[in-house]
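Source file: entry_0.txt. Holds: compact mmCIF, C-alpha atoms.
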```
# COMPACT_ATOMS: atom_id res chain seq x y z
CA MET A 1 5.13 -87.62 -37.26
CA LYS A 2 7.10 -84.86 -38.92
CA ARG A 3 4.27 -84.31 -41.40
CA SER A 4 1.84 -83.85 -38.49
CA ASN A 5 4.09 -81.24 -36.87
CA TYR A 6 4.37 -79.31 -40.13
CA GLY A 7 0.58 -79.22 -40.30
CA VAL A 8 0.23 -77.73 -36.82
CA LEU A 9 2.89 -75.11 -37.55
CA PHE A 10 1.16 -74.14 -40.81
CA ALA A 11 -2.16 -73.69 -38.97
CA VAL A 12 -0.54 -71.38 -36.37
CA LEU A 13 1.07 -69.22 -39.07
CA LEU A 14 -2.24 -68.92 -40.92
CA LEU A 15 -4.03 -67.68 -37.79
CA ALA A 16 -1.29 -65.12 -37.17
CA LEU A 17 -1.64 -63.74 -40.70
CA ILE A 18 -5.40 -63.43 -40.26
CA ASN A 19 -4.95 -61.40 -37.00
CA LEU A 20 -2.52 -59.05 -38.78
CA SER A 21 -5.11 -58.24 -41.44
CA PRO A 22 -5.04 -54.44 -42.12
CA SER A 23 -8.81 -53.97 -42.27
CA ASN A 24 -9.64 -53.48 -38.56
CA SER A 25 -6.36 -51.95 -37.46
CA MET A 26 -6.38 -49.39 -40.29
CA LYS A 27 -9.96 -48.49 -39.42
CA ASN A 28 -8.99 -47.87 -35.79
CA ILE A 29 -6.00 -45.73 -36.83
CA ALA A 30 -8.19 -43.66 -39.13
CA GLN A 31 -10.65 -43.05 -36.30
CA GLU A 32 -7.85 -41.94 -34.01
CA GLU A 33 -6.56 -39.54 -36.70
CA ASP A 34 -10.05 -38.05 -37.02
CA LEU A 35 -10.15 -37.47 -33.27
CA ASP A 36 -6.72 -35.82 -33.39
CA ASP A 37 -7.98 -33.49 -36.10
CA GLN A 38 -10.91 -32.50 -33.90
CA MET A 39 -8.88 -32.10 -30.67
CA ILE A 40 -6.77 -28.90 -30.47
CA LEU A 41 -5.02 -28.51 -27.15
CA PRO A 42 -5.38 -24.95 -25.77
CA SER A 43 -2.41 -22.73 -25.02
CA ARG A 44 -2.01 -21.14 -21.58
CA GLU A 45 -3.62 -17.95 -22.86
CA GLN A 46 -6.55 -19.86 -24.37
CA ALA A 47 -6.96 -21.95 -21.24
CA LYS A 48 -7.57 -18.80 -19.22
CA ASP A 49 -10.91 -17.08 -19.68
CA GLU A 50 -10.13 -14.65 -22.48
CA GLY A 51 -13.13 -12.49 -21.63
CA LYS A 52 -12.29 -11.85 -17.99
CA ILE A 53 -9.62 -10.44 -15.68
CA LYS A 54 -9.51 -10.57 -11.89
CA VAL A 55 -8.66 -7.54 -9.74
CA VAL A 56 -8.01 -7.80 -5.99
CA VAL A 57 -7.95 -4.73 -3.75
CA GLN A 58 -7.93 -3.99 -0.03
CA MET A 59 -10.07 -0.98 0.84
CA LYS A 60 -13.01 0.35 2.83
CA HIS A 61 -16.47 -0.75 1.78
CA SER A 62 -17.48 2.76 0.69
CA GLU A 63 -14.39 2.98 -1.55
CA PHE A 64 -15.11 -0.45 -3.01
CA VAL A 65 -18.67 0.56 -3.89
CA ALA A 66 -17.30 3.58 -5.78
CA LEU A 67 -14.76 1.37 -7.58
CA GLN A 68 -17.51 -1.05 -8.56
CA GLN A 69 -19.46 1.81 -10.11
CA MET A 70 -16.41 2.95 -12.08
CA ASN A 71 -15.82 -0.64 -13.16
CA GLN A 72 -19.39 -1.01 -14.41
CA LEU A 73 -18.93 2.06 -16.62
CA PHE A 74 -15.69 0.58 -17.91
CA MET A 75 -17.24 -2.78 -18.84
CA GLN A 76 -20.02 -1.04 -20.77
CA ASN A 77 -17.40 0.24 -23.19
CA HIS A 78 -15.07 -2.77 -23.31
CA ASP A 79 -15.50 -6.33 -24.53
CA PHE A 80 -14.23 -8.16 -21.46
CA GLU A 81 -15.39 -8.73 -17.93
CA VAL A 82 -13.58 -7.51 -14.81
CA GLU A 83 -14.10 -9.39 -11.56
CA LEU A 84 -13.48 -7.16 -8.53
CA ILE A 85 -12.63 -8.71 -5.16
CA ASN A 86 -12.27 -6.71 -1.96
CA SER A 87 -9.89 -8.80 0.14
CA GLU A 88 -9.54 -8.57 3.90
CA VAL A 89 -7.01 -5.92 4.88
CA ASP A 90 -3.60 -7.45 5.60
CA PRO A 91 -0.91 -4.82 6.24
CA THR A 92 1.84 -7.48 6.06
CA TYR A 93 0.62 -8.98 2.73
CA THR A 94 1.36 -12.47 4.04
CA LYS A 95 -1.37 -14.13 1.97
CA LEU A 96 -0.37 -12.20 -1.15
CA GLN A 97 3.27 -13.22 -0.75
CA SER A 98 2.18 -16.86 -0.68
CA GLN A 99 -0.07 -16.44 -3.74
CA LEU A 100 2.73 -14.82 -5.72
CA GLU A 101 5.15 -17.59 -4.79
CA LEU A 102 2.61 -20.23 -5.89
CA SER A 103 1.66 -18.31 -9.07
CA GLU A 104 -1.92 -17.98 -7.83
CA ALA A 105 -2.21 -14.18 -7.83
CA PRO A 106 -4.87 -12.32 -9.87
CA ASP A 107 -4.27 -10.14 -12.93
CA VAL A 108 -4.24 -6.82 -11.04
CA LEU A 109 -3.44 -5.93 -7.45
CA LEU A 110 -3.82 -2.69 -5.51
CA ILE A 111 -1.02 -2.43 -2.91
CA ASN A 112 0.57 0.23 -0.73
CA ASN A 113 3.42 2.05 -2.45
CA GLU A 114 6.05 1.02 0.08
CA TRP A 115 5.52 -2.64 -0.95
CA VAL A 116 5.99 -2.13 -4.70
CA ARG A 117 9.79 -2.32 -4.62
CA HIS A 118 9.60 -5.24 -2.21
CA PHE A 119 7.63 -7.41 -4.65
CA ALA A 120 9.35 -6.07 -7.78
CA SER A 121 12.80 -6.97 -6.41
CA GLN A 122 11.62 -10.57 -5.95
CA GLY A 123 10.57 -10.82 -9.59
CA PHE A 124 6.84 -10.97 -8.88
CA LEU A 125 5.75 -7.89 -10.89
CA LEU A 126 5.77 -6.78 -14.52
CA PRO A 127 7.30 -3.37 -15.31
CA THR A 128 4.62 -0.89 -16.34
CA ASP A 129 5.90 -0.52 -19.91
CA ARG A 130 4.88 -4.16 -20.50
CA TYR A 131 1.18 -3.47 -20.00
CA TYR A 132 0.43 0.20 -19.32
CA SER A 133 -0.26 2.62 -22.17
CA GLY A 134 -0.92 5.66 -19.98
CA SER A 135 1.52 8.43 -19.18
CA LEU A 136 3.79 8.16 -16.12
CA ASN A 137 5.37 11.54 -16.58
CA GLY A 138 5.95 14.84 -14.83
CA GLU A 139 2.23 15.36 -14.32
CA LEU A 140 2.21 12.84 -11.46
CA LEU A 141 3.46 13.48 -7.94
CA THR A 142 7.18 12.73 -7.79
CA SER A 143 6.83 11.29 -4.31
CA ALA A 144 4.15 8.84 -5.49
CA LEU A 145 6.25 7.70 -8.45
CA ALA A 146 9.52 7.37 -6.53
CA GLN A 147 8.46 4.36 -4.48
CA ASN A 148 7.31 2.56 -7.62
CA GLU A 149 10.73 2.80 -9.28
CA TRP A 150 13.31 0.05 -8.99
CA ASN A 151 16.30 -0.94 -11.10
CA GLY A 152 15.55 1.74 -13.68
CA TYR A 153 11.92 0.69 -14.30
CA MET A 154 8.49 1.65 -13.00
CA TRP A 155 6.57 -1.24 -11.43
CA GLY A 156 3.26 0.33 -10.46
CA VAL A 157 0.69 2.93 -11.52
CA PRO A 158 -0.23 5.33 -8.67
CA LEU A 159 -3.91 5.58 -7.77
CA ASP A 160 -3.94 8.08 -4.90
CA VAL A 161 -2.06 9.46 -1.89
CA ASP A 162 -3.17 9.76 1.71
CA PRO A 163 -0.74 11.86 3.79
CA TYR A 164 -0.72 12.09 7.54
CA VAL A 165 -2.14 15.32 8.94
CA LEU A 166 -2.48 16.95 12.34
CA VAL A 167 -6.03 17.62 13.48
CA TYR A 168 -6.26 20.26 16.22
CA ASN A 169 -8.65 22.34 18.27
CA ALA A 170 -7.77 25.91 17.28
CA ASN A 171 -9.08 27.44 20.51
CA ALA A 172 -7.18 25.00 22.71
CA LEU A 173 -3.98 25.56 20.74
CA LYS A 174 -4.39 29.31 21.03
CA LYS A 175 -4.53 28.98 24.83
CA LEU A 176 -1.05 27.49 24.63
CA GLY A 177 0.28 30.44 22.66
CA MET A 178 0.17 29.00 19.11
CA THR A 179 -2.07 29.51 16.11
CA LEU A 180 -0.80 26.51 14.11
CA PRO A 181 0.75 23.17 15.12
CA PRO A 182 4.56 23.25 15.47
CA THR A 183 6.81 22.51 12.51
CA THR A 184 10.27 22.94 14.07
CA GLN A 185 11.99 21.40 17.03
CA GLN A 186 12.02 24.79 18.78
CA GLU A 187 8.25 25.16 18.35
CA TRP A 188 7.68 21.66 19.69
CA ASP A 189 9.81 22.44 22.74
CA GLU A 190 7.78 25.59 23.32
CA LEU A 191 4.48 23.74 22.98
CA LEU A 192 5.58 20.98 25.36
CA TYR A 193 6.72 23.55 27.92
CA ASN A 194 3.39 25.40 27.79
CA PHE A 195 1.42 22.15 27.87
CA HIS A 196 3.14 20.95 31.06
CA ASN A 197 2.30 24.27 32.70
CA GLN A 198 -1.47 23.90 32.30
CA LYS A 199 -4.04 21.45 33.69
CA GLN A 200 -7.12 21.89 31.51
CA ILE A 201 -6.06 19.66 28.58
CA PRO A 202 -5.13 16.11 29.68
CA TYR A 203 -3.79 14.79 26.36
CA LEU A 204 -1.25 16.45 24.10
CA LEU A 205 -1.52 14.05 21.18
CA SER A 206 -3.08 10.85 19.92
CA TYR A 207 -1.99 8.43 17.19
CA ASP A 208 -2.36 4.75 16.33
CA TYR A 209 0.37 2.80 18.15
CA THR A 210 -0.06 -0.11 15.71
CA ASP A 211 0.77 2.11 12.71
CA PRO A 212 4.56 2.32 12.19
CA TYR A 213 4.25 5.13 9.64
CA ALA A 214 2.33 7.28 12.12
CA ALA A 215 5.06 6.59 14.68
CA LEU A 216 7.73 7.58 12.15
CA THR A 217 5.81 10.76 11.30
CA LEU A 218 5.72 11.69 14.98
CA LEU A 219 9.47 11.13 15.20
CA TRP A 220 10.03 13.37 12.18
CA GLN A 221 7.77 15.99 13.71
CA LEU A 222 9.68 16.07 16.97
CA THR A 223 13.17 16.05 15.43
CA ALA A 224 12.54 17.94 12.17
CA GLU A 225 15.81 16.54 10.82
CA ARG A 226 16.85 15.87 7.23
CA THR A 227 18.18 12.35 6.67
CA ASP A 228 19.32 10.33 3.69
CA GLY A 229 16.53 9.30 1.31
CA ASN A 230 17.59 5.64 1.39
CA LYS A 231 17.52 5.30 5.17
CA LEU A 232 14.73 5.15 7.72
CA PHE A 233 16.52 7.75 9.81
CA GLU A 234 19.90 8.43 11.33
CA LEU A 235 20.34 7.62 15.00
CA THR A 236 21.81 11.05 15.74
CA GLU A 237 22.10 12.69 19.14
CA ALA A 238 18.96 14.70 18.32
CA VAL A 239 17.04 11.49 17.59
CA LYS A 240 18.27 9.88 20.81
CA ALA A 241 17.13 12.98 22.70
CA THR A 242 13.72 12.63 21.04
CA PHE A 243 13.49 9.04 22.31
CA GLN A 244 13.93 10.39 25.83
CA GLN A 245 11.31 13.03 25.10
CA LEU A 246 8.86 10.35 23.94
CA GLU A 247 9.48 8.39 27.12
CA SER A 248 8.47 11.43 29.19
CA MET A 249 5.37 11.96 26.99
CA ARG A 250 3.84 8.50 27.50
CA SER A 251 1.23 9.73 30.00
CA ILE A 252 0.01 12.55 27.71
CA VAL A 253 -0.06 10.58 24.43
CA LEU A 254 -3.20 8.54 23.75
CA ASP A 255 -3.31 5.36 21.66
CA SER A 256 -6.06 6.05 19.12
CA GLU A 257 -6.29 2.36 18.20
CA GLU A 258 -7.75 1.66 21.64
CA GLN A 259 -10.37 4.41 21.36
CA SER A 260 -13.52 4.63 19.30
CA SER A 261 -13.57 7.20 16.52
CA ASP A 262 -16.49 9.04 18.13
CA LYS A 263 -14.64 9.31 21.44
CA LEU A 264 -11.51 10.72 19.80
CA TRP A 265 -13.42 13.41 17.95
CA LYS A 266 -15.36 14.28 21.11
CA LEU A 267 -12.08 14.70 23.00
CA CYS A 268 -10.93 17.09 20.26
CA TYR A 269 -14.15 19.13 20.39
CA ASP A 270 -14.17 19.23 24.19
CA GLU A 271 -10.56 20.53 24.33
CA LYS A 272 -9.40 17.35 26.05
CA LEU A 273 -7.10 16.34 23.19
CA LEU A 274 -4.88 18.96 21.57
CA LEU A 275 -3.49 17.15 18.48
CA TYR A 276 -4.65 14.09 16.59
CA LEU A 277 -2.17 12.55 14.13
CA THR A 278 -4.08 10.60 11.50
CA ARG A 279 -4.46 10.12 7.76
CA ALA A 280 -6.08 12.77 5.61
CA SER A 281 -8.84 10.40 4.50
CA GLU A 282 -9.90 10.02 8.14
CA ALA A 283 -9.80 13.74 8.87
CA ASN A 284 -11.24 15.17 5.66
CA GLY A 285 -14.69 16.68 6.18
CA ARG A 286 -14.15 17.14 9.91
CA ASN A 287 -12.72 20.65 9.74
CA ASP A 288 -15.17 23.32 10.91
CA LYS A 289 -15.22 26.34 13.25
CA VAL A 290 -13.79 24.22 16.09
CA ILE A 291 -11.61 21.56 14.45
CA SER A 292 -8.91 22.35 11.89
CA ILE A 293 -6.67 20.17 9.71
CA PHE A 294 -2.99 21.00 9.32
CA TYR A 295 -0.78 19.84 6.49
CA PRO A 296 2.36 22.00 6.28
CA GLN A 297 3.67 23.53 3.09
CA GLN A 298 6.11 21.08 1.53
CA SER A 299 9.74 21.92 0.79
CA ASP A 300 13.08 20.22 0.33
CA LYS A 301 13.86 20.87 3.98
CA PRO A 302 13.18 18.43 6.84
CA ARG A 303 10.76 15.56 6.48
CA SER A 304 7.52 16.26 8.25
CA LEU A 305 4.67 13.87 7.40
CA TRP A 306 4.69 10.46 5.72
CA LEU A 307 2.88 10.40 2.38
CA HIS A 308 0.98 7.13 2.19
CA GLY A 309 -0.14 6.00 -1.26
CA ARG A 310 -1.55 3.09 -3.26
CA SER A 311 -0.71 1.77 -6.73
CA TYR A 312 -1.99 -0.82 -9.17
CA VAL A 313 0.48 -3.55 -10.14
CA VAL A 314 0.38 -6.56 -12.48
CA PRO A 315 1.94 -9.88 -11.37
CA THR A 316 4.36 -11.57 -13.79
CA GLN A 317 2.11 -14.64 -14.01
CA SER A 318 -0.77 -12.68 -15.56
CA VAL A 319 -1.57 -13.76 -19.14
CA ASN A 320 -3.99 -10.86 -19.53
CA ALA A 321 -1.48 -8.09 -18.95
CA LYS A 322 -2.69 -5.98 -21.89
CA LYS A 323 -6.29 -6.02 -20.71
CA ALA A 324 -5.12 -5.37 -17.17
CA GLY A 325 -3.29 -2.31 -18.44
CA GLU A 326 -6.42 -1.03 -20.21
CA TRP A 327 -8.37 -1.30 -16.98
CA ILE A 328 -5.66 0.40 -14.89
CA ALA A 329 -5.40 3.26 -17.40
CA ALA A 330 -9.15 3.86 -17.14
CA MET A 331 -9.24 3.71 -13.32
CA THR A 332 -6.35 6.19 -12.97
CA SER A 333 -7.33 8.61 -15.74
CA LEU A 334 -7.30 12.34 -15.09
CA GLN A 335 -11.06 12.64 -15.46
CA ASP A 336 -11.59 10.14 -12.64
CA GLN A 337 -9.13 11.75 -10.19
CA SER A 338 -11.62 14.20 -8.66
CA ARG A 339 -14.36 11.56 -8.69
CA TRP A 340 -12.15 9.19 -6.73
CA PHE A 341 -11.26 11.91 -4.20
CA GLN A 342 -14.95 12.57 -3.54
CA ALA A 343 -15.53 8.86 -2.99
CA SER A 344 -12.45 7.98 -0.92
CA SER A 345 -11.04 11.28 0.49
CA HIS A 346 -7.67 10.08 -0.81
CA LEU A 347 -5.82 12.88 -2.57
CA PRO A 348 -5.16 12.70 -6.35
CA VAL A 349 -1.75 11.89 -7.82
CA ASN A 350 -2.03 14.29 -10.73
CA LYS A 351 -0.36 17.65 -9.98
CA SER A 352 -2.88 19.67 -11.97
CA GLN A 353 -5.59 18.71 -9.47
CA TYR A 354 -3.88 20.75 -6.75
CA SER A 355 -4.80 24.00 -8.47
CA LYS A 356 -8.47 23.00 -8.57
CA GLN A 357 -11.25 22.48 -6.04
CA LEU A 358 -9.52 20.61 -3.24
CA PRO A 359 -10.07 21.38 0.47
CA SER A 360 -8.44 24.57 1.73
CA TRP A 361 -6.15 22.67 4.09
CA VAL A 362 -4.39 20.92 1.16
CA PRO A 363 -1.27 22.97 0.25
CA SER A 364 -0.50 23.46 -3.42
CA SER A 365 3.14 22.71 -2.63
CA ILE A 366 2.34 19.01 -2.26
CA GLY A 367 2.58 18.87 -6.04
CA SER A 368 6.25 19.85 -5.87
CA MET A 369 7.22 17.64 -2.95
CA LYS A 370 10.65 16.13 -3.53
CA ALA A 371 10.94 12.38 -3.88
CA ASN A 372 13.98 12.17 -1.63
CA LEU A 373 11.90 13.20 1.37
CA LEU A 374 10.74 9.59 1.74
CA PRO A 375 12.88 6.47 2.08
CA VAL A 376 12.44 4.10 -0.85
CA TYR A 377 14.11 0.68 -0.79
CA ALA A 378 12.99 -2.93 -1.05
CA GLU A 379 13.59 -3.81 2.62
CA LEU A 380 11.56 -0.87 3.96
CA PRO A 381 8.25 -2.71 4.67
CA ASN A 382 9.84 -5.41 6.81
CA GLN A 383 12.00 -2.86 8.56
CA MET A 384 8.96 -0.73 9.32
CA LEU A 385 7.06 -3.71 10.72
CA GLN A 386 9.87 -4.28 13.21
CA TYR A 387 10.09 -0.58 14.00
CA GLY A 388 6.32 -0.40 14.58
CA GLU A 389 6.22 -3.35 16.97
CA LEU A 390 9.19 -2.05 18.93
CA THR A 391 7.85 1.51 19.18
CA ARG A 392 4.40 0.28 20.23
CA ASP A 393 5.91 -1.68 23.12
CA PHE A 394 8.07 1.30 24.06
CA MET A 395 5.11 3.70 24.17
CA LYS A 396 3.16 1.17 26.23
CA ASN A 397 5.94 1.30 28.83
CA LYS A 398 7.17 -2.26 28.22
CA MET A 399 10.80 -1.13 28.01
CA ASN A 400 12.92 1.86 28.98
CA VAL A 401 14.59 4.26 26.57
CA ARG A 402 17.97 2.57 26.94
CA GLU A 403 16.64 -0.82 25.80
CA TYR A 404 14.59 0.85 23.07
CA THR A 405 17.64 2.66 21.66
CA LYS A 406 19.69 -0.54 21.77
CA ARG A 407 17.09 -2.48 19.82
CA MET A 408 16.59 0.38 17.38
CA LEU A 409 20.24 0.08 16.38
CA LYS A 410 19.59 -3.48 15.22
CA ILE A 411 16.61 -2.41 13.11
CA ILE A 412 18.50 0.44 11.45
CA LYS A 413 21.25 -2.02 10.46
CA PHE A 414 18.61 -4.43 9.07
```

Can the structure in the file be given as structure tokens, please?
Amino acid sequence: MKRSNYGVLFAVLLLALINLSPSNSMKNIAQEEDLDDQMILPSREQAKDEGKIKVVVQMKHSEFVALQQMNQLFMQNHDFEVELINSEVDPTYTKLQSQLELSEAPDVLLINNEWVRHFASQGFLLPTDRYYSGSLNGELLTSALAQNEWNGYMWGVPLDVDPYVLVYNANALKKLGMTLPPTTQQEWDELLYNFHNQKQIPYLLSYDYTDPYAALTLLWQLTAERTDGNKLFELTEAVKATFQQLESMRSIVLDSEEQSSDKLWKLCYDEKLLLYLTRASEANGRNDKVISIFYPQQSDKPRSLWLHGRSYVVPTQSVNAKKAGEWIAAMTSLQDQSRWFQASSHLPVNKSQYSKQLPSWVPSSIGSMKANLLPVYAELPNQMLQYGELTRDFMKNKMNVREYTKRMLKIIKF
């Protein structure tokens, strides 16, 4: 019986030794090693299309067509592709904020200057010295550069500027005793007095109630006060008095957002609208024997008109930062400044352009405009959104001046 059991055990051990034979297993291991030699896992940079970068902008169709043409010329002389996307305009950048948080943003973005510090302070942008080989020096408008600076670094490359201007009917203004729009509080008081003592012109002024920067420009125009560069404005007695003045002006101020462009310009030509506060890009080309464009000489005295601008930025997640910088440098080069102005009517950021062939209404002093004339801080965009909504409701007679002033205090302390 024992001998029989030994036989069975011996047979089991023999089978086990046969299964552990190195022939098949070694062959399989060798095949796996060959596959490993052939398979090289890509890095993050290699995983991304090395021959392509993505650029997202928000602009008018005519501007985008011009940018596409410039981009085509660029790609003819460079060995990588640039995909341009014209995204739907979103003044609050809600979608972009989400993309940045999820690391889904493109390689290059074109954003309004007032948002550069906002995104840079959250760690979403690369400083320009990490990708940009161009020159951000004294040749660029100080006011355009100032809003791109944060924590000692530059975070964006300016493309253009688009200041607010006052469009006016020269003949109508002359009837009220003025040859140019007012620039001081005393001149505004005089104009308002003369306007209320006539009946031919129904509307004193028009601006877009949904645009907080237009509303702020109007406030600066009426108060002509100097305030700290890191504050929206001071709620001084003069500013409170201007709030009361705005309340009394509701019936003679027209919301341009509710009017068609053709109707607004017809009102100007027909001497039914005295002043139209709008961006230079909207007004450029409209000045003639009847309509004039006013942009006051710039100084270090009171703020007068907000200087809107746009800049290219590179998100921190971009793995093609160097190529992005090459593209930005080409799109913002000096030789393309005048070309871009002709295509977009947005003014150049290079100071030397202001001594060349720009429209006569553009003052040369814009090149020396001081940076501290505009507030620049990370919280500005959100603060302005609140200010814009509140001021729109106030001008639409949804609250009195007392409630408006009370709620303004909360925004200023934001």

Just to confirm, what's the straight-line distance from CA of Phe74 in chain A to CA of Glu326 in chain A in Å (one decimal)?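 If I compute the distance from CA of Phe74 in chain A to CA of Glu326 in chain A, I get 9.7 Å.
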
Two-atom distance - CA of Gln335 in chain A, CA of Leu73 in chain A (Å):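 Spanning CA of Gln335 in chain A to CA of Leu73 in chain A is a straight-line distance of 13.2 Å.
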
Write out as a list in words which residues come within 10 Å of range 189-198 of chain A when counting all atoms listed in the file, dropping same-chain ones fewer than 5 positions away.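 In the requested form, the answer reads Leu173, Lys175, Leu176, Gly177, Met178, Pro181, Pro182, Thr184, Tyr203, Leu204, Leu222, Gln245, Met249, Ile252 and Leu274 of chain A.
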
Asn400 in chain A surroundings by all atoms listed in the file, 12 Å radius, close-in-sequence under 5 positions cut, as a ChimeraX atom specification: /A:243-248,250,390-391,393-395,405-407

Out of A:Leu334, A:Leu267, A:Val108, A:Ala378, which residue has the shortest atom-to-atom distance to Lys52 in chain A when counting all atoms listed in the file? A:Val108

A:Asn350, A:Asn320, A:Ser251, A:Ser364 ranked by distance to Glu81 in chain A, top pick (using only C-alpha atoms): A:Asn320

What is the CA of Glu237 in chain A-CA of Val401 in chain A distance in Å, reported with one decimal?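 That distance, rounded to one decimal, is 13.5 Å.
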
Residues at most 9 Å from Lys323 in chain A, counting only C-alpha atoms, excluding those fewer than 5 positions away in the same chain, as a list in words?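 My list of contacting residues is Lys52, Ile53, Phe80, Tyr131 and Ile328 of chain A.
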